[in-house]
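Visitor: Got a structure for you, written out below as structure tokens; questions coming shortly.
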Amino acid sequence: MEQAPRDPERQLQPAPLEPLGCPDAGLGAAVGKEAAGAGEEDSGVDTMTHNNFWLKKIEISVSEAEKRTGRNAMNMQETYTAYLIETRSVEHTDGQSVLTDSLWRRYSEFELLRNYLLVYYPHIVVPPLPEKRAEFVWHKLSADNMDPDFVERRRIGLENFLLRIASHPILCRDKIFYLFLTQEGNWKETVNETGFQLKADSRLKALNATFRVKNPDKRFTDLKHYSDELQSVISHLLRVRARVADRLYGVYKVHGNYGRVEWSAIEKEMGDGLQSAGHHMDVYASSIDDILEDEEHYADQLKEYLFYAEALRAVCRKHELMQYDLEMAAQDLASKKQQCEELATGTVRTFSLKGMTTKLFGQETPEQREARIKVLEEQINEGEQQLKSKNLEGREFVKNAWADIERFKEQKNRDLKEALISYAVMQISMCKKGIQVWTNAKECFSKM
């Protein structure tokens, strides 16, 4: 039975990058192998610390924030916030404690660190920074990025960002991260010397790959859709929470009006009981300030995973770029092989400018044709090596990316479960305090 001819267009579409092993098999083993080999990668600069586990021996904190003024790159005066990073050894040498190291960093330096990590570790879900300007605020909160309450919440977020990196099995060993914590002067110059800006993928190139990749990996497509939905769900949840906070604040504060009713002044026998009950209403009204302040802590935990959604998409975009480059390399190789075959057989299968030139000006000499075939064969050999290299690079990326994605999923499930349970416990505690206030008011009424 005669086989149907293969679709030439289909031949130009390589299969999606496959991992070297099952992506779900052994997160610890996959991360461990990557950790063992990360220092051997030749990235042009030595970015890994010699002591792989030094961060397990120190504590990291962002202990305070300070408002400062200075000159920016345009030599214009600006006001900014600097954050004090302290690192302290948890071990002792010869019975003596090691002194605490400290240095100041601006938010823009935290951004520079994260941008560097995104470029050098594209397969890792890099922890996000806290928001630069307040989002999902209710009416009592200020959207000013210099507001003391907002600066304090951002300080906590920046400390959490550093702790996330320090607890990551790969990122914690990066030399630039180590210098971020220990080298105050010339740190920016050290980062720029790595040349990470030149390695960064352009947004236009990433967008082009998204729309032009012919054979995307369904796993990464599903992951990108999940990150979009995660961002949408958490955004909606934060908006609902802000509306509830607005209304709850109003309801609690209105209870303070009970205490302002001067009923006790006209009642001799009931006056003391009414006055005491009014005092309890004042306590009830003022308690909402601490309650909503605690709620902001849980809202910030949700916001972290709102921003994690973009970190997931960054990994997906990198995979799309690699898949697109692989497909373009395969297409270029197939085109060169077709040209070589046409020259060798003297037949032209498709319309080309070269074919028209041949018809107009005559055939090439055998010597010219042999020379062109030789050049094409060299280009084909080079293209096959390049395609093989891109395949291996892509498969390694998929293996490492899925290992880190599994690590992230475990972290996400654990953190969000803990945050939601703590939020529910806080709401129960709030309701119990409200019950206690009304119980006290009832006792005051009973004694009248």
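Starting from 1 in every chain, residues are counted up; chains themselves are A, B, ... following the order of the structure tokens, and ligands are numbered from 1 as listed.
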Find the residues near Val213 (chain A): any atom within 8 Å, counting only C-alpha atoms, skip ones fewer than 4 places away on the same chain, and give them as a ChimeraX atom specification.
Guide: /A:209,320,323-324,327
Visitor: Write out as number ranges by chain the residues lying within 12 Å of Val254 (chain A), counting only C-alpha atoms and excluding same-chain residues fewer than 2 positions away.
Guide: A: 247-252, 256-260, 281-286, 288
Visitor: Report the distance between CA of Ile373 (chain A) and CA of Ala344 (chain A) in Å, rounded to one decimal place.
Guide: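 Between CA of Ile373 (chain A) and CA of Ala344 (chain A) the gap works out to 7.4 Å.
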Visitor: So that I can see what lies close to Val90 (chain A), please list as an mmCIF file with N, CA and C atoms, in the first residue's frame the residues with an atom at most 8 Å from it, counting only C-alpha atoms and leaving out residues fewer than 2 positions away in the same chain.
Guide:
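Dumped to out_1.cif:
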```cif
data_model
loop_
_atom_site.group_PDB
_atom_site.id
_atom_site.type_symbol
_atom_site.label_atom_id
_atom_site.label_comp_id
_atom_site.auth_asym_id
_atom_site.auth_seq_id
_atom_site.Cartn_x
_atom_site.Cartn_y
_atom_site.Cartn_z
ATOM 1 N N LYS A 57 23.922 29.631 57.925
ATOM 2 C CA LYS A 57 24.614 29.957 59.165
ATOM 3 C C LYS A 57 24.399 31.399 59.598
ATOM 4 N N ILE A 58 23.574 32.150 58.884
ATOM 5 C CA ILE A 58 23.335 33.543 59.256
ATOM 6 C C ILE A 58 21.846 33.852 59.268
ATOM 7 N N GLU A 59 21.500 34.917 59.966
ATOM 8 C CA GLU A 59 20.132 35.428 59.981
ATOM 9 C C GLU A 59 20.101 36.735 59.187
ATOM 10 N N ARG A 88 23.420 38.475 60.682
ATOM 11 C CA ARG A 88 24.055 38.083 61.941
ATOM 12 C C ARG A 88 24.314 36.586 61.928
ATOM 13 N N HIS A 92 28.885 30.465 66.639
ATOM 14 C CA HIS A 92 29.887 31.166 67.433
ATOM 15 C C HIS A 92 31.267 30.576 67.153
#
```
Visitor: Write out as a PyMOL selection string the residues lying within 12 Å of region 69-79 of chain A, counting only C-alpha atoms and excluding same-chain residues fewer than 4 positions away.
Guide: chain A and resi 106+108+145-146
Visitor: Take the selection from the previous step and output its residues with N, CA and C atoms, as a PDB file, in the first residue's frame.
Guide:
```pdb
ATOM      1  N   ARG A 106      18.454  50.908  48.769  1.00  0.00           N
ATOM      2  CA  ARG A 106      17.225  51.514  48.259  1.00  0.00           C
ATOM      3  C   ARG A 106      16.360  50.446  47.597  1.00  0.00           C
ATOM      4  N   SER A 108      15.257  50.520  44.639  1.00  0.00           N
ATOM      5  CA  SER A 108      15.745  50.315  43.277  1.00  0.00           C
ATOM      6  C   SER A 108      16.877  49.292  43.235  1.00  0.00           C
ATOM      7  N   ASN A 145       3.455  56.383  48.667  1.00  0.00           N
ATOM      8  CA  ASN A 145       4.522  55.424  48.937  1.00  0.00           C
ATOM      9  C   ASN A 145       5.484  55.902  50.021  1.00  0.00           C
ATOM     10  N   MET A 146       5.290  57.124  50.534  1.00  0.00           N
ATOM     11  CA  MET A 146       6.089  57.611  51.650  1.00  0.00           C
ATOM     12  C   MET A 146       5.325  57.543  52.971  1.00  0.00           C
TER      13      MET A 146
END
```
Visitor: Have a look at A:Lys388, A:His280, A:Arg395, A:Arg243 and name the one nearest to His255 (chain A); count only C-alpha atoms.
Guide: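 Checking each of A:Lys388, A:His280, A:Arg395, A:Arg243 against His255 (chain A), counting only C-alpha atoms, the winner is A:His280.
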Visitor: For each of A:His319, A:Lys433, A:Asp290, A:Asp147, take the minimum atom-to-atom distance to Lys399 (chain A), counting only C-alpha atoms, then give the residue where this is smallest.
Guide: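 The closest residue to Lys399 (chain A) is A:His319.
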Visitor: Smallest atom-to-atom distance to Asp174 (chain A): which of A:Arg155, A:Arg114, A:Lys67, A:Arg219, using only C-alpha atoms?
Guide: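 Going through A:Arg155, A:Arg114, A:Lys67, A:Arg219 one by one, the smallest distance to Asp174 (chain A) is for A:Arg114.
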Visitor: Near Thr221 (chain A), within 12 Å and counting only C-alpha atoms, which residues show up once chain neighbours fewer than 3 positions away are dropped, as a count of residues only?
Guide: 19
Visitor: I'd like the contact shell of Glu341 (chain A) - 12 Å cut-off, only C-alpha atoms, skipping same-chain residues fewer than 2 positions apart - returned as a list in words.
Guide: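 What passes the distance filter is Ala334, Ser335, Lys336, Lys337, Gln338, Gln339, Leu343, Ala344, Thr345, Gly346, Thr347, Val348, Arg349, Arg369, Glu370, Arg372, Ile373, Lys374, Leu376, Glu377 and Ile380 of chain A.
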Visitor: Based on the selection just made, write C-alpha atoms of those residues as an mmCIF file, in the first residue's frame.
Guide:
```cif
data_model
loop_
_atom_site.group_PDB
_atom_site.id
_atom_site.type_symbol
_atom_site.label_atom_id
_atom_site.label_comp_id
_atom_site.auth_asym_id
_atom_site.auth_seq_id
_atom_site.Cartn_x
_atom_site.Cartn_y
_atom_site.Cartn_z
ATOM 1 C CA ALA A 334 15.134 22.089 6.388
ATOM 2 C CA SER A 335 15.357 24.977 3.903
ATOM 3 C CA LYS A 336 19.106 24.475 3.422
ATOM 4 C CA LYS A 337 18.673 20.717 2.958
ATOM 5 C CA GLN A 338 16.028 21.376 0.290
ATOM 6 C CA GLN A 339 18.314 23.828 -1.511
ATOM 7 C CA LEU A 343 21.188 21.735 -6.610
ATOM 8 C CA ALA A 344 22.256 18.088 -6.576
ATOM 9 C CA THR A 345 19.301 16.835 -8.662
ATOM 10 C CA GLY A 346 18.787 19.933 -10.779
ATOM 11 C CA THR A 347 15.065 20.084 -9.907
ATOM 12 C CA VAL A 348 13.300 23.033 -8.247
ATOM 13 C CA ARG A 349 10.286 22.063 -6.145
ATOM 14 C CA ARG A 369 27.058 24.310 -8.448
ATOM 15 C CA GLU A 370 29.623 22.134 -6.660
ATOM 16 C CA ARG A 372 27.412 26.108 -3.644
ATOM 17 C CA ILE A 373 26.661 22.527 -2.603
ATOM 18 C CA LYS A 374 29.861 22.443 -0.546
ATOM 19 C CA LEU A 376 25.403 24.407 1.908
ATOM 20 C CA GLU A 377 26.724 21.118 3.274
ATOM 21 C CA ILE A 380 23.839 22.023 7.164
#
```
Visitor: To one decimal place in Å, what is the distance between CA of Ile60 (chain A) and CA of Pro122 (chain A)?
Guide: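 Taking CA of Ile60 (chain A) and CA of Pro122 (chain A), their separation equals 24.9 Å.
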Visitor: Using the chain letters and numbers from this document, which residues of region 172-351 of chain A does DSSP assign to alpha helix (DSSP H), as a ChimeraX atom specification?
Guide: /A:175-182,187-193,196-199,203-212,218-260,271-345
Visitor: Extract, using only C-alpha atoms, all DNA, RNA and protein residues at most 8 Å from Gly383 (chain A), discarding same-chain residues fewer than 6 positions from it, and format them as a JSON list (two decimals) with N, CA, C and O atoms, in the first residue's frame.
Guide:
```
[["chain", "number", "residue", "atom", "x", "y", "z"],
["A", 329, "ALA", "N", 15.39, 27.34, 13.97],
["A", 329, "ALA", "CA", 16.61, 26.63, 13.58],
["A", 329, "ALA", "C", 16.26, 25.40, 12.74],
["A", 329, "ALA", "O", 16.94, 25.10, 11.74],
["A", 332, "ASP", "N", 15.17, 26.61, 9.25],
["A", 332, "ASP", "CA", 16.32, 27.05, 8.45],
["A", 332, "ASP", "C", 17.13, 25.84, 7.95],
["A", 332, "ASP", "O", 17.58, 25.82, 6.80],
["A", 333, "LEU", "N", 17.26, 24.82, 8.81],
["A", 333, "LEU", "CA", 17.98, 23.62, 8.42],
["A", 333, "LEU", "C", 17.24, 22.88, 7.30],
["A", 333, "LEU", "O", 17.87, 22.43, 6.32]]
```
